[in-house]
file model_31.txt (compact mmCIF, C-alpha atoms)
# COMPACT_ATOMS: atom_id res chain seq x y z
CA MET N 64 8.59 -46.64 5.55
CA PHE N 65 8.55 -46.85 1.76
CA LYS N 66 5.62 -49.29 1.91
CA LEU N 67 3.67 -46.88 4.09
CA ILE N 68 4.30 -44.08 1.59
CA ARG N 69 3.07 -46.23 -1.29
CA LEU N 70 0.03 -47.31 0.73
CA ALA N 71 -0.81 -43.72 1.71
CA TRP N 72 -0.47 -42.54 -1.90
CA ARG N 73 -2.78 -45.32 -3.08
CA ASN N 74 -5.34 -44.62 -0.39
CA ILE N 75 -5.91 -40.98 -1.39
CA GLY N 76 -7.11 -42.26 -4.78
CA ARG N 77 -9.75 -44.55 -3.31
CA ASN N 78 -12.40 -41.86 -3.28
CA PRO N 79 -11.46 -39.49 -6.12
CA ARG N 80 -14.42 -37.14 -5.59
CA ARG N 81 -13.72 -36.56 -1.90
CA THR N 82 -9.99 -36.23 -2.53
CA PHE N 83 -10.59 -33.76 -5.35
CA LEU N 84 -12.83 -31.59 -3.16
CA THR N 85 -10.23 -31.61 -0.40
CA LEU N 86 -7.46 -30.66 -2.83
CA LEU N 87 -9.72 -27.90 -4.16
CA VAL N 88 -10.25 -26.47 -0.67
CA ILE N 89 -6.53 -26.60 0.12
CA GLY N 90 -5.64 -25.09 -3.26
CA MET N 91 -8.23 -22.33 -2.99
CA GLY N 92 -7.09 -21.56 0.53
CA THR N 93 -3.48 -21.25 -0.63
CA ALA N 94 -4.38 -19.17 -3.69
CA SER N 95 -6.70 -16.91 -1.67
CA LEU N 96 -4.03 -16.23 0.94
CA MET N 97 -1.50 -15.38 -1.78
CA LEU N 98 -3.99 -13.17 -3.61
CA VAL N 99 -5.06 -11.27 -0.46
CA ASP N 100 -1.42 -10.57 0.41
CA ALA N 101 -0.60 -9.43 -3.15
CA PHE N 102 -3.72 -7.24 -3.37
CA ILE N 103 -3.12 -5.55 -0.01
CA LEU N 104 0.51 -4.87 -0.94
CA GLY N 105 -0.75 -3.38 -4.19
CA THR N 106 -3.27 -1.24 -2.31
CA GLU N 107 -0.56 0.04 0.03
CA LYS N 108 1.73 0.85 -2.90
CA ASN N 109 -1.10 2.64 -4.73
CA ILE N 110 -2.14 4.76 -1.75
CA ILE N 111 1.45 5.64 -0.85
CA ALA N 112 2.12 6.70 -4.44
CA MET N 113 -1.15 8.61 -4.57
CA SER N 114 -0.29 10.46 -1.35
CA THR N 115 3.36 11.23 -2.13
CA GLU N 116 3.66 11.54 -5.91
CA ILE N 117 0.76 13.93 -6.51
CA PHE N 118 2.36 16.83 -4.67
CA ALA N 119 3.68 16.12 -1.17
CA GLY N 120 6.86 14.20 -2.03
CA ASP N 121 8.42 11.29 -0.12
CA ALA N 122 9.59 13.66 2.63
CA GLN N 123 9.31 17.31 3.60
CA ILE N 124 11.55 19.75 5.45
CA HIS N 125 10.15 22.68 7.44
CA ASN N 126 10.92 25.05 10.22
CA PRO N 127 9.43 23.24 13.27
CA LYS N 128 7.48 26.37 14.25
CA PHE N 129 6.05 26.79 10.75
CA LYS N 130 4.67 23.25 10.84
CA GLU N 131 3.00 24.07 14.15
CA LEU N 132 1.85 27.68 13.65
CA SER N 133 1.90 28.22 9.84
CA GLU N 134 3.19 31.78 10.30
CA PRO N 135 5.05 33.04 7.19
CA GLU N 136 8.04 34.40 9.13
CA TYR N 137 9.10 30.88 10.19
CA THR N 138 11.22 29.98 7.19
CA ILE N 139 13.70 27.10 6.98
CA PRO N 140 16.86 28.02 8.94
CA LYS N 141 20.27 27.55 7.30
CA LYS N 142 18.62 26.84 3.96
CA ASP N 143 21.89 26.66 2.03
CA ALA N 144 23.36 24.09 4.42
CA VAL N 145 20.19 22.00 4.19
CA ILE N 146 20.29 22.06 0.39
CA LYS N 147 23.97 21.07 0.41
CA ILE N 148 23.17 17.99 2.50
CA LEU N 149 20.40 17.04 0.09
CA GLN N 150 22.67 17.47 -2.92
CA GLU N 151 25.36 15.27 -1.37
CA SER N 152 23.03 12.43 -0.38
CA PRO N 153 23.10 9.54 -2.91
CA LYS N 154 19.65 8.36 -1.78
CA ILE N 155 17.89 11.54 -2.87
CA LYS N 156 16.63 11.69 -6.44
CA SER N 157 15.36 15.28 -6.51
CA TYR N 158 14.00 18.09 -4.39
CA THR N 159 12.15 21.38 -4.85
CA GLN N 160 11.70 24.56 -2.81
CA ARG N 161 8.31 26.03 -1.96
CA VAL N 162 6.70 28.99 -0.23
CA GLN N 163 3.22 28.73 1.27
CA ILE N 164 0.79 31.64 1.35
CA ALA N 165 -2.60 31.66 3.04
CA GLY N 166 -4.58 34.25 1.16
CA MET N 167 -7.62 35.12 -0.89
CA LEU N 168 -7.94 34.73 -4.64
CA SER N 169 -10.50 36.97 -6.31
CA SER N 170 -11.85 37.49 -9.79
CA SER N 171 -14.28 40.05 -11.13
CA ARG N 172 -17.15 37.75 -10.14
CA ASP N 173 -16.22 36.02 -6.87
CA ALA N 174 -13.52 35.37 -4.29
CA ALA N 175 -12.28 32.33 -2.35
CA GLY N 176 -9.76 31.53 0.34
CA VAL N 177 -6.80 29.62 -1.05
CA GLN N 178 -3.50 28.05 -0.13
CA ALA N 179 -1.17 29.58 -2.69
CA ILE N 180 2.08 27.70 -3.22
CA GLY N 181 5.11 29.42 -4.64
CA VAL N 182 6.98 26.81 -6.67
CA ASP N 183 9.97 26.53 -8.94
CA PHE N 184 8.14 25.24 -11.99
CA GLU N 185 11.28 23.58 -13.35
CA SER N 186 12.36 21.56 -10.30
CA GLU N 187 8.72 20.82 -9.47
CA LEU N 188 8.64 18.56 -12.54
CA MET N 189 10.96 16.08 -10.78
CA VAL N 190 8.99 15.92 -7.53
CA SER N 191 5.25 16.21 -8.12
CA ARG N 192 2.58 15.60 -10.75
CA LEU N 193 1.75 19.28 -11.10
CA ARG N 194 2.40 19.29 -14.83
CA ARG N 195 0.57 15.99 -15.41
CA SER N 196 -2.43 17.30 -13.47
CA ILE N 197 -3.12 20.07 -15.99
CA GLN N 198 -6.38 19.47 -17.85
CA ALA N 199 -6.54 22.80 -19.65
CA GLY N 200 -3.99 25.44 -20.58
CA THR N 201 -0.20 25.15 -20.63
CA TYR N 202 2.41 24.55 -17.96
CA PRO N 203 4.25 27.83 -17.16
CA GLU N 204 7.75 28.33 -18.50
CA GLN N 205 10.48 30.00 -16.46
CA ASN N 206 10.01 33.29 -18.32
CA SER N 207 6.20 33.30 -18.05
CA GLN N 208 4.72 36.60 -16.92
CA ARG N 209 2.69 36.32 -13.71
CA PRO N 210 1.34 32.79 -14.35
CA ILE N 211 -0.96 31.00 -11.95
CA ILE N 212 -2.30 27.45 -11.96
CA ILE N 213 -5.59 26.89 -10.15
CA GLY N 214 -7.80 23.86 -9.62
CA TYR N 215 -10.69 23.42 -12.01
CA LYS N 216 -13.17 23.44 -9.11
CA LEU N 217 -11.75 26.75 -7.91
CA ALA N 218 -11.98 28.11 -11.45
CA GLU N 219 -15.66 27.15 -11.56
CA GLN N 220 -16.26 28.98 -8.28
CA LEU N 221 -14.43 32.10 -9.45
CA GLN N 222 -15.99 31.80 -12.92
CA VAL N 223 -12.67 32.22 -14.69
CA SER N 224 -11.00 30.41 -17.57
CA ILE N 225 -7.62 30.33 -19.29
CA GLY N 226 -6.27 33.84 -19.87
CA ASP N 227 -8.43 35.58 -17.25
CA LYS N 228 -6.90 37.76 -14.57
CA VAL N 229 -7.15 37.05 -10.83
CA VAL N 230 -5.82 38.89 -7.79
CA LEU N 231 -4.11 37.20 -4.86
CA THR N 232 -4.32 39.00 -1.51
CA ALA N 233 -2.04 38.01 1.38
CA SER N 234 -0.35 39.40 4.49
CA GLU N 235 3.33 40.36 4.52
CA SER N 236 5.60 38.47 6.88
CA GLY N 237 6.16 40.30 10.14
CA SER N 238 4.10 43.46 9.47
CA ASN N 239 0.86 41.67 8.45
CA ASP N 240 0.25 44.47 5.95
CA LEU N 241 -1.98 43.41 3.09
CA VAL N 242 -0.36 42.97 -0.29
CA GLN N 243 -1.95 42.18 -3.63
CA GLU N 244 -0.61 40.82 -6.89
CA MET N 245 -2.34 40.24 -10.18
CA PHE N 246 -1.88 36.94 -12.05
CA ARG N 247 -3.11 35.51 -15.32
CA VAL N 248 -4.62 32.02 -15.33
CA THR N 249 -2.38 29.89 -17.55
CA ALA N 250 -3.62 26.41 -16.60
CA LEU N 251 -6.34 24.53 -14.73
CA SER N 252 -5.28 21.52 -12.69
CA ASN N 253 -7.17 18.36 -11.78
CA PHE N 254 -5.47 16.36 -9.03
CA HIS N 255 -8.61 14.30 -8.37
CA SER N 256 -8.35 15.67 -4.83
CA ARG N 257 -11.16 17.84 -3.52
CA PRO N 258 -8.99 19.95 -1.16
CA MET N 259 -6.41 20.64 -3.89
CA ASP N 260 -8.86 21.23 -6.73
CA ARG N 261 -10.98 23.60 -4.66
CA GLY N 262 -8.45 25.47 -2.56
CA MET N 263 -4.92 25.50 -4.03
CA ALA N 264 -3.14 27.74 -6.49
CA PHE N 265 0.43 27.68 -7.78
CA ILE N 266 2.48 30.78 -8.54
CA PRO N 267 6.19 31.43 -9.29
CA LEU N 268 8.47 31.00 -6.27
CA GLY N 269 10.08 34.43 -6.67
CA MET N 270 6.74 36.24 -6.71
CA ALA N 271 5.60 34.39 -3.58
CA GLN N 272 8.80 35.42 -1.78
CA SER N 273 8.33 39.00 -2.93
CA MET N 274 4.72 39.14 -1.72
CA LEU N 275 5.65 37.94 1.76
CA LYS N 276 8.86 40.04 1.89
CA ILE N 277 10.96 37.05 2.90
CA ASP N 278 13.76 37.66 0.40
CA LYS N 279 15.10 34.27 -0.81
CA GLU N 280 13.81 32.26 2.13
CA ILE N 281 11.43 29.30 1.81
CA HIS N 282 8.92 27.41 3.94
CA GLN N 283 9.21 23.90 2.59
CA ILE N 284 11.53 21.57 0.72
CA ALA N 285 9.81 18.54 -0.80
CA VAL N 286 12.13 15.58 -1.37
CA ARG N 287 11.90 12.61 -3.70
CA PHE N 288 14.00 9.50 -2.92
CA HIS N 289 15.13 6.89 -5.41
CA ASP N 290 13.28 4.39 -3.19
CA SER N 291 10.28 5.82 -1.32
CA SER N 292 10.66 3.23 1.47
CA VAL N 293 13.88 4.98 2.53
CA ALA N 294 11.78 7.95 3.64
CA ILE N 295 10.37 5.96 6.57
CA ASP N 296 13.75 4.66 7.73
CA HIS N 297 14.14 6.70 10.91
CA SER N 298 17.70 5.44 11.43
CA LEU N 299 18.87 7.09 8.21
CA PRO N 300 21.88 9.36 8.99
CA LEU N 301 20.36 12.00 6.69
CA TRP N 302 17.65 12.77 9.26
CA GLU N 303 20.20 13.30 12.03
CA LYS N 304 22.25 15.67 9.88
CA LEU N 305 19.17 17.73 9.05
CA GLU N 306 17.93 17.83 12.65
CA GLN N 307 21.31 19.16 13.76
CA LEU N 308 20.58 22.20 11.58
CA GLY N 309 17.38 22.88 13.51
CA VAL N 310 14.90 21.82 10.83
CA LEU N 311 12.01 19.37 10.97
CA ALA N 312 12.49 16.55 8.43
CA GLU N 313 9.62 14.08 8.09
CA GLY N 314 9.02 11.06 5.87
CA TRP N 315 5.64 10.28 4.35
CA ASP N 316 4.71 8.13 7.35
CA LYS N 317 4.72 11.26 9.53
CA ILE N 318 3.23 13.52 6.87
CA PHE N 319 0.33 11.12 6.29
CA PRO N 320 -0.39 9.31 9.57
CA SER N 321 -3.65 7.99 8.11
CA VAL N 322 -1.66 6.05 5.49
CA THR N 323 0.54 4.57 8.20
CA ALA N 324 -2.55 3.56 10.19
CA MET N 325 -4.08 1.98 7.09
CA ILE N 326 -0.94 -0.10 6.50
CA GLU N 327 -1.06 -1.39 10.08
CA LEU N 328 -4.75 -2.18 9.65
CA ASN N 329 -3.98 -4.10 6.46
CA LYS N 330 -1.46 -6.27 8.29
CA THR N 331 -4.15 -7.14 10.82
CA SER N 332 -6.58 -7.87 7.98
CA VAL N 333 -4.14 -10.31 6.38
CA PHE N 334 -3.75 -12.10 9.70
CA ILE N 335 -7.53 -12.40 10.18
CA VAL N 336 -8.08 -13.64 6.63
CA ALA N 337 -5.25 -16.14 7.06
CA MET N 338 -6.80 -17.52 10.24
CA ILE N 339 -10.18 -17.94 8.52
CA LEU N 340 -8.61 -19.72 5.55
CA PHE N 341 -6.53 -21.95 7.81
CA ALA N 342 -9.66 -22.92 9.74
CA LEU N 343 -11.50 -23.82 6.52
CA VAL N 344 -8.57 -25.92 5.29
CA ALA N 345 -8.21 -27.65 8.66
CA LEU N 346 -11.91 -28.48 8.88
CA SER N 347 -11.90 -29.85 5.35
CA VAL N 348 -8.92 -32.08 6.09
CA LEU N 349 -10.48 -33.26 9.35
CA ASN N 350 -13.72 -34.13 7.60
CA THR N 351 -11.96 -36.01 4.81
CA LEU N 352 -9.76 -38.05 7.13
CA PHE N 353 -12.52 -38.93 9.58
CA MET N 354 -14.75 -40.08 6.73
CA ALA N 355 -11.87 -42.14 5.37
CA ILE N 356 -11.25 -43.69 8.78
CA TYR N 357 -14.92 -44.57 9.19
CA GLU N 358 -15.12 -46.19 5.77
CA ARG N 359 -11.90 -48.16 6.28
CA MET N 360 -12.58 -49.30 9.83
CA TYR N 361 -12.50 -52.97 8.83
CA GLU N 362 -9.24 -52.49 6.96
CA PHE N 363 -7.64 -50.86 9.98
CA GLY N 364 -8.85 -53.71 12.17
CA VAL N 365 -7.24 -56.26 9.86
CA LEU N 366 -4.00 -54.27 9.78
CA LYS N 367 -3.90 -54.15 13.57
CA ALA N 368 -4.72 -57.89 13.75
CA ILE N 369 -1.77 -58.88 11.53
CA GLY N 370 0.66 -56.90 13.67
CA THR N 371 0.64 -53.32 12.36
CA LYS N 372 1.81 -51.04 15.17
CA PRO N 373 -0.33 -48.07 16.23
CA ARG N 374 2.40 -45.60 15.31
CA GLN N 375 2.61 -47.11 11.80
CA LEU N 376 -1.13 -46.72 11.34
CA GLY N 377 -1.03 -43.14 12.58
CA LEU N 378 1.96 -42.40 10.34
CA MET N 379 0.06 -43.71 7.33
CA ILE N 380 -2.78 -41.24 8.02
CA LEU N 381 -0.27 -38.40 8.39
CA LEU N 382 1.35 -39.39 5.09
CA GLU N 383 -2.04 -39.33 3.37
CA SER N 384 -2.62 -35.85 4.74
CA LEU N 385 0.87 -34.78 3.66
CA ALA N 386 0.23 -36.03 0.12
CA MET N 387 -3.07 -34.17 -0.16
CA GLY N 388 -1.57 -31.06 1.38
CA PHE N 389 1.39 -31.15 -0.98
CA LEU N 390 -0.77 -31.58 -4.08
CA GLY N 391 -3.26 -28.97 -2.91
CA THR N 392 -0.65 -26.31 -2.15
CA ILE N 393 1.11 -26.92 -5.48
CA LEU N 394 -2.18 -26.43 -7.34
CA GLY N 395 -2.99 -23.37 -5.25
CA ALA N 396 0.45 -21.82 -5.75
CA VAL N 397 0.26 -22.31 -9.51
CA GLY N 398 -3.29 -20.98 -9.79
CA GLY N 399 -2.73 -18.14 -7.33
CA GLY N 400 0.55 -17.16 -8.98
CA ALA N 401 -1.08 -17.03 -12.41
CA LEU N 402 -3.92 -14.84 -11.11
CA ILE N 403 -1.53 -12.52 -9.26
CA LEU N 404 0.65 -12.18 -12.36
CA TRP N 405 -2.38 -11.31 -14.49
CA LEU N 406 -3.66 -8.73 -12.02
CA SER N 407 -0.16 -7.25 -11.67
CA GLN N 408 -0.45 -6.27 -15.33
CA LYS N 409 -4.16 -5.49 -15.67
CA GLY N 410 -4.96 -4.17 -12.19
CA ILE N 411 -8.34 -3.52 -10.59
CA SER N 412 -9.94 -0.10 -11.07
CA TYR N 413 -11.21 1.78 -8.01
CA ALA N 414 -11.64 5.13 -9.75
CA GLU N 415 -14.94 5.83 -7.99
CA TYR N 416 -13.44 5.45 -4.51
CA GLU N 417 -11.64 8.11 -2.48
CA PHE N 418 -8.97 8.07 0.22
CA ASN N 419 -8.29 11.22 2.24
CA GLY N 420 -10.32 13.20 -0.28
CA MET N 421 -8.30 11.89 -3.25
CA SER N 422 -9.77 9.67 -5.95
CA MET N 423 -7.90 6.47 -6.65
CA MET N 424 -7.42 7.04 -10.37
CA GLU N 425 -4.66 4.48 -10.86
CA PRO N 426 -5.80 0.82 -10.91
CA ILE N 427 -4.61 -1.30 -8.01
CA LYS N 428 -2.10 -3.84 -9.30
CA THR N 429 -1.12 -6.86 -7.26
CA VAL N 430 2.46 -7.03 -6.00
CA ILE N 431 4.40 -10.28 -6.29
CA ARG N 432 6.87 -11.20 -3.58
CA PHE N 433 8.93 -14.31 -2.82
CA GLU N 434 7.09 -15.16 0.41
CA GLN N 435 3.83 -15.73 -1.47
CA PHE N 436 5.32 -18.77 -3.21
CA THR N 437 7.32 -20.14 -0.30
CA ILE N 438 6.19 -19.25 3.22
CA MET N 439 2.44 -19.16 2.55
CA PRO N 440 2.15 -22.58 0.81
CA VAL N 441 4.43 -24.11 3.45
CA VAL N 442 2.27 -22.70 6.26
CA VAL N 443 -0.88 -24.10 4.62
CA LEU N 444 0.87 -27.48 4.26
CA LEU N 445 1.89 -27.45 7.93
CA MET N 446 -1.66 -26.56 8.95
CA THR N 447 -2.90 -29.55 6.91
CA ILE N 448 -0.50 -31.86 8.75
CA VAL N 449 -1.44 -30.40 12.14
CA ALA N 450 -5.14 -30.89 11.34
CA SER N 451 -4.49 -34.56 10.52
CA MET N 452 -2.82 -35.36 13.85
CA TYR N 453 -6.06 -35.92 15.73
CA PRO N 454 -7.55 -38.29 13.09
CA ALA N 455 -4.19 -40.12 13.03
CA TYR N 456 -4.29 -40.44 16.81
CA LYS N 457 -7.84 -41.84 16.70
CA ALA N 458 -6.93 -44.30 13.94
CA SER N 459 -3.88 -45.56 15.83
CA GLY N 460 -6.09 -46.37 18.87
CA ILE N 461 -8.47 -48.67 16.94
CA THR N 462 -8.64 -52.21 18.28
CA PRO N 463 -9.33 -55.19 15.95
CA SER N 464 -12.37 -56.35 17.97
CA ASN N 465 -14.04 -52.94 17.96
CA ALA N 466 -13.27 -52.47 14.27
CA MET N 467 -14.88 -55.81 13.34
CA ARG N 468 -17.92 -55.10 15.49
CA LYS N 469 -18.56 -51.66 13.94
CA THR N 470 -18.40 -52.99 10.41
CA GLN N 471 -21.08 -55.64 10.97
call {"tool": "encode", "arguments": {"input": "model_31.txt", "output": "structure tokens"}}
result
Amino acid sequence: MFKLIRLAWRNIGRNPRRTFLTLLVIGMGTASLMLVDAFILGTEKNIIAMSTEIFAGDAQIHNPKFKELSEPEYTIPKKDAVIKILQESPKIKSYTQRVQIAGMLSSSRDAAGVQAIGVDFESELMVSRLRRSIQAGTYPEQNSQRPIIIGYKLAEQLQVSIGDKVVLTASESGSNDLVQEMFRVTALSNFHSRPMDRGMAFIPLGMAQSMLKIDKEIHQIAVRFHDSSVAIDHSLPLWEKLEQLGVLAEGWDKIFPSVTAMIELNKTSVFIVAMILFALVALSVLNTLFMAIYERMYEFGVLKAIGTKPRQLGLMILLESLAMGFLGTILGAVGGGALILWLSQKGISYAEYEFNGMSMMEPIKTVIRFEQFTIMPVVVLLMTIVASMYPAYKASGITPSNAMRKTQ
């Protein structure tokens, strides 16, 4: 066995150019598979963060009827009990209460339909990027008088700037009587999201509750977990406790079904890319081994003539393939790992692209995981061995007489 290993190792150096090209294909296949996996994981992380961190949160709690009908009277039932559960859960990092108002915002020059959100400006800092989105003006303090934050696109439509007055018109809960409140523009936001920058405004929570005449009730609680992946764990006892109170609690996978669909599509994409790369590696190995067999036909005939068994000849071919596969995957893992590490720091900018109406302002950074350096190179190595089985079978069936005849 040791002699066969030495012979196989020597044989892969007979044609350095062909061996180098084969190692290059195997290495590039390994590195490409690692890079595709790391990039897609980075894309998923970026889009999830973009969808949840901007404003929505990792999870949201509503009255089930409000989520369906959006009527202001459907506030969260047993709000105090819900908040107590959130405060007692060690998995929850922060939460904030909100009121949603469908109304019209008007200035002295124009008017536009808006989704006004009543927020607690202090707790909102721990859940969303509302403060970081401000491109002009100042973030409202708790004692600010009638502040309102509007998107810069909405400000352009209304032709207002910092310090100007605007009027919000809405319908009271239950009676549907119109109510109006005047606000002063204190900040302009830029979420890099067309729907938010054109059609959302943010006012103090207390004023929103007063306009709708809903006392201290709320429509939504946005939740931030220490680990956002917990939000899609449907077996989490937290969800059951909240549902027992008659509220609808949803993680980001239910809030953004398009993100969930994209993640599933990415998994399919990785599989398709892997199959293509495996096919390229397998064809390269097949070509190399068949060319080697053809060139060494006389040698194989001599080996068979002096008593070498077919299984020994086939095993030697498999060992040659194993050696090339091992070297190729090592080179690919090193090169792919270095590239993934570099891109995990630098990232790739996709600022000009949008997803669900939101611009991808943060660069996509590759994500490193253990499987990229273990399972993927091993799978490529196994595919190399599998691809060499047929050439090994053909080589083991060579007869000395046929080998001598073909070399003349």
call {"tool": "closest_residue", "arguments": {"input": "model_31.txt", "among": "N:Glu313, N:Lys154, N:Arg192, N:Gln222", "to": "Gln283 (chain N)", "atoms": "all atoms listed in the file"}}
result
N:Glu313
call {"tool": "atom_distance", "arguments": {"input": "model_31.txt", "atom1": "CA of Ala396 (chain N)", "atom2": "CA of Ile356 (chain N)"}}
result
28.7 Å
call {"tool": "closest_residue", "arguments": {"input": "model_31.txt", "among": "N:Phe118, N:Phe341, N:Phe363, N:Phe184", "to": "Ile461 (chain N)", "atoms": "only C-alpha atoms"}}
result
N:Phe363
call {"tool": "atom_distance", "arguments": {"input": "model_31.txt", "atom1": "CA of Leu132 (chain N)", "atom2": "CA of Ile318 (chain N)"}}
result
15.8 Å
call {"tool": "atom_distance", "arguments": {"input": "model_31.txt", "atom1": "CA of Asn109 (chain N)", "atom2": "CA of Lys330 (chain N)"}}
result
15.8 Å
call {"tool": "closest_residue", "arguments": {"input": "model_31.txt", "among": "N:Leu301, N:Gln205, N:Gln375, N:Phe436", "to": "Gly398 (chain N)", "atoms": "only C-alpha atoms"}}
result
N:Phe436
call {"tool": "residues_near_point", "arguments": {"input": "model_31.txt", "point": "(2.1, -25.0, 10.2)", "cutoff": "12 Å", "atoms": "all atoms listed in the file", "output": "count of residues only"}}
result
22
call {"tool": "closest_residue", "arguments": {"input": "model_31.txt", "among": "N:Ile411, N:Ala112, N:Val182, N:Met97", "to": "Thr437 (chain N)", "atoms": "all atoms listed in the file"}}
result
N:Met97
call {"tool": "residues_near_point", "arguments": {"input": "model_31.txt", "point": "(-4.9, -60.4, 18.7)", "cutoff": "12 Å", "atoms": "all atoms listed in the file", "output": "compact mmCIF listing (two decimals) with C-alpha atoms, in the frame of the given file"}}
result
# COMPACT_ATOMS: atom_id res chain seq x y z
CA GLY N 364 -8.85 -53.71 12.17
CA VAL N 365 -7.24 -56.26 9.86
CA LEU N 366 -4.00 -54.27 9.78
CA LYS N 367 -3.90 -54.15 13.57
CA ALA N 368 -4.72 -57.89 13.75
CA ILE N 369 -1.77 -58.88 11.53
CA GLY N 370 0.66 -56.90 13.67
CA THR N 371 0.64 -53.32 12.36
CA THR N 462 -8.64 -52.21 18.28
CA PRO N 463 -9.33 -55.19 15.95
CA SER N 464 -12.37 -56.35 17.97
CA ASN N 465 -14.04 -52.94 17.96
call {"tool": "closest_residue", "arguments": {"input": "model_31.txt", "among": "N:Asp227, N:Glu107, N:Glu303, N:Asp121", "to": "Arg287 (chain N)", "atoms": "only C-alpha atoms"}}
result
N:Asp121
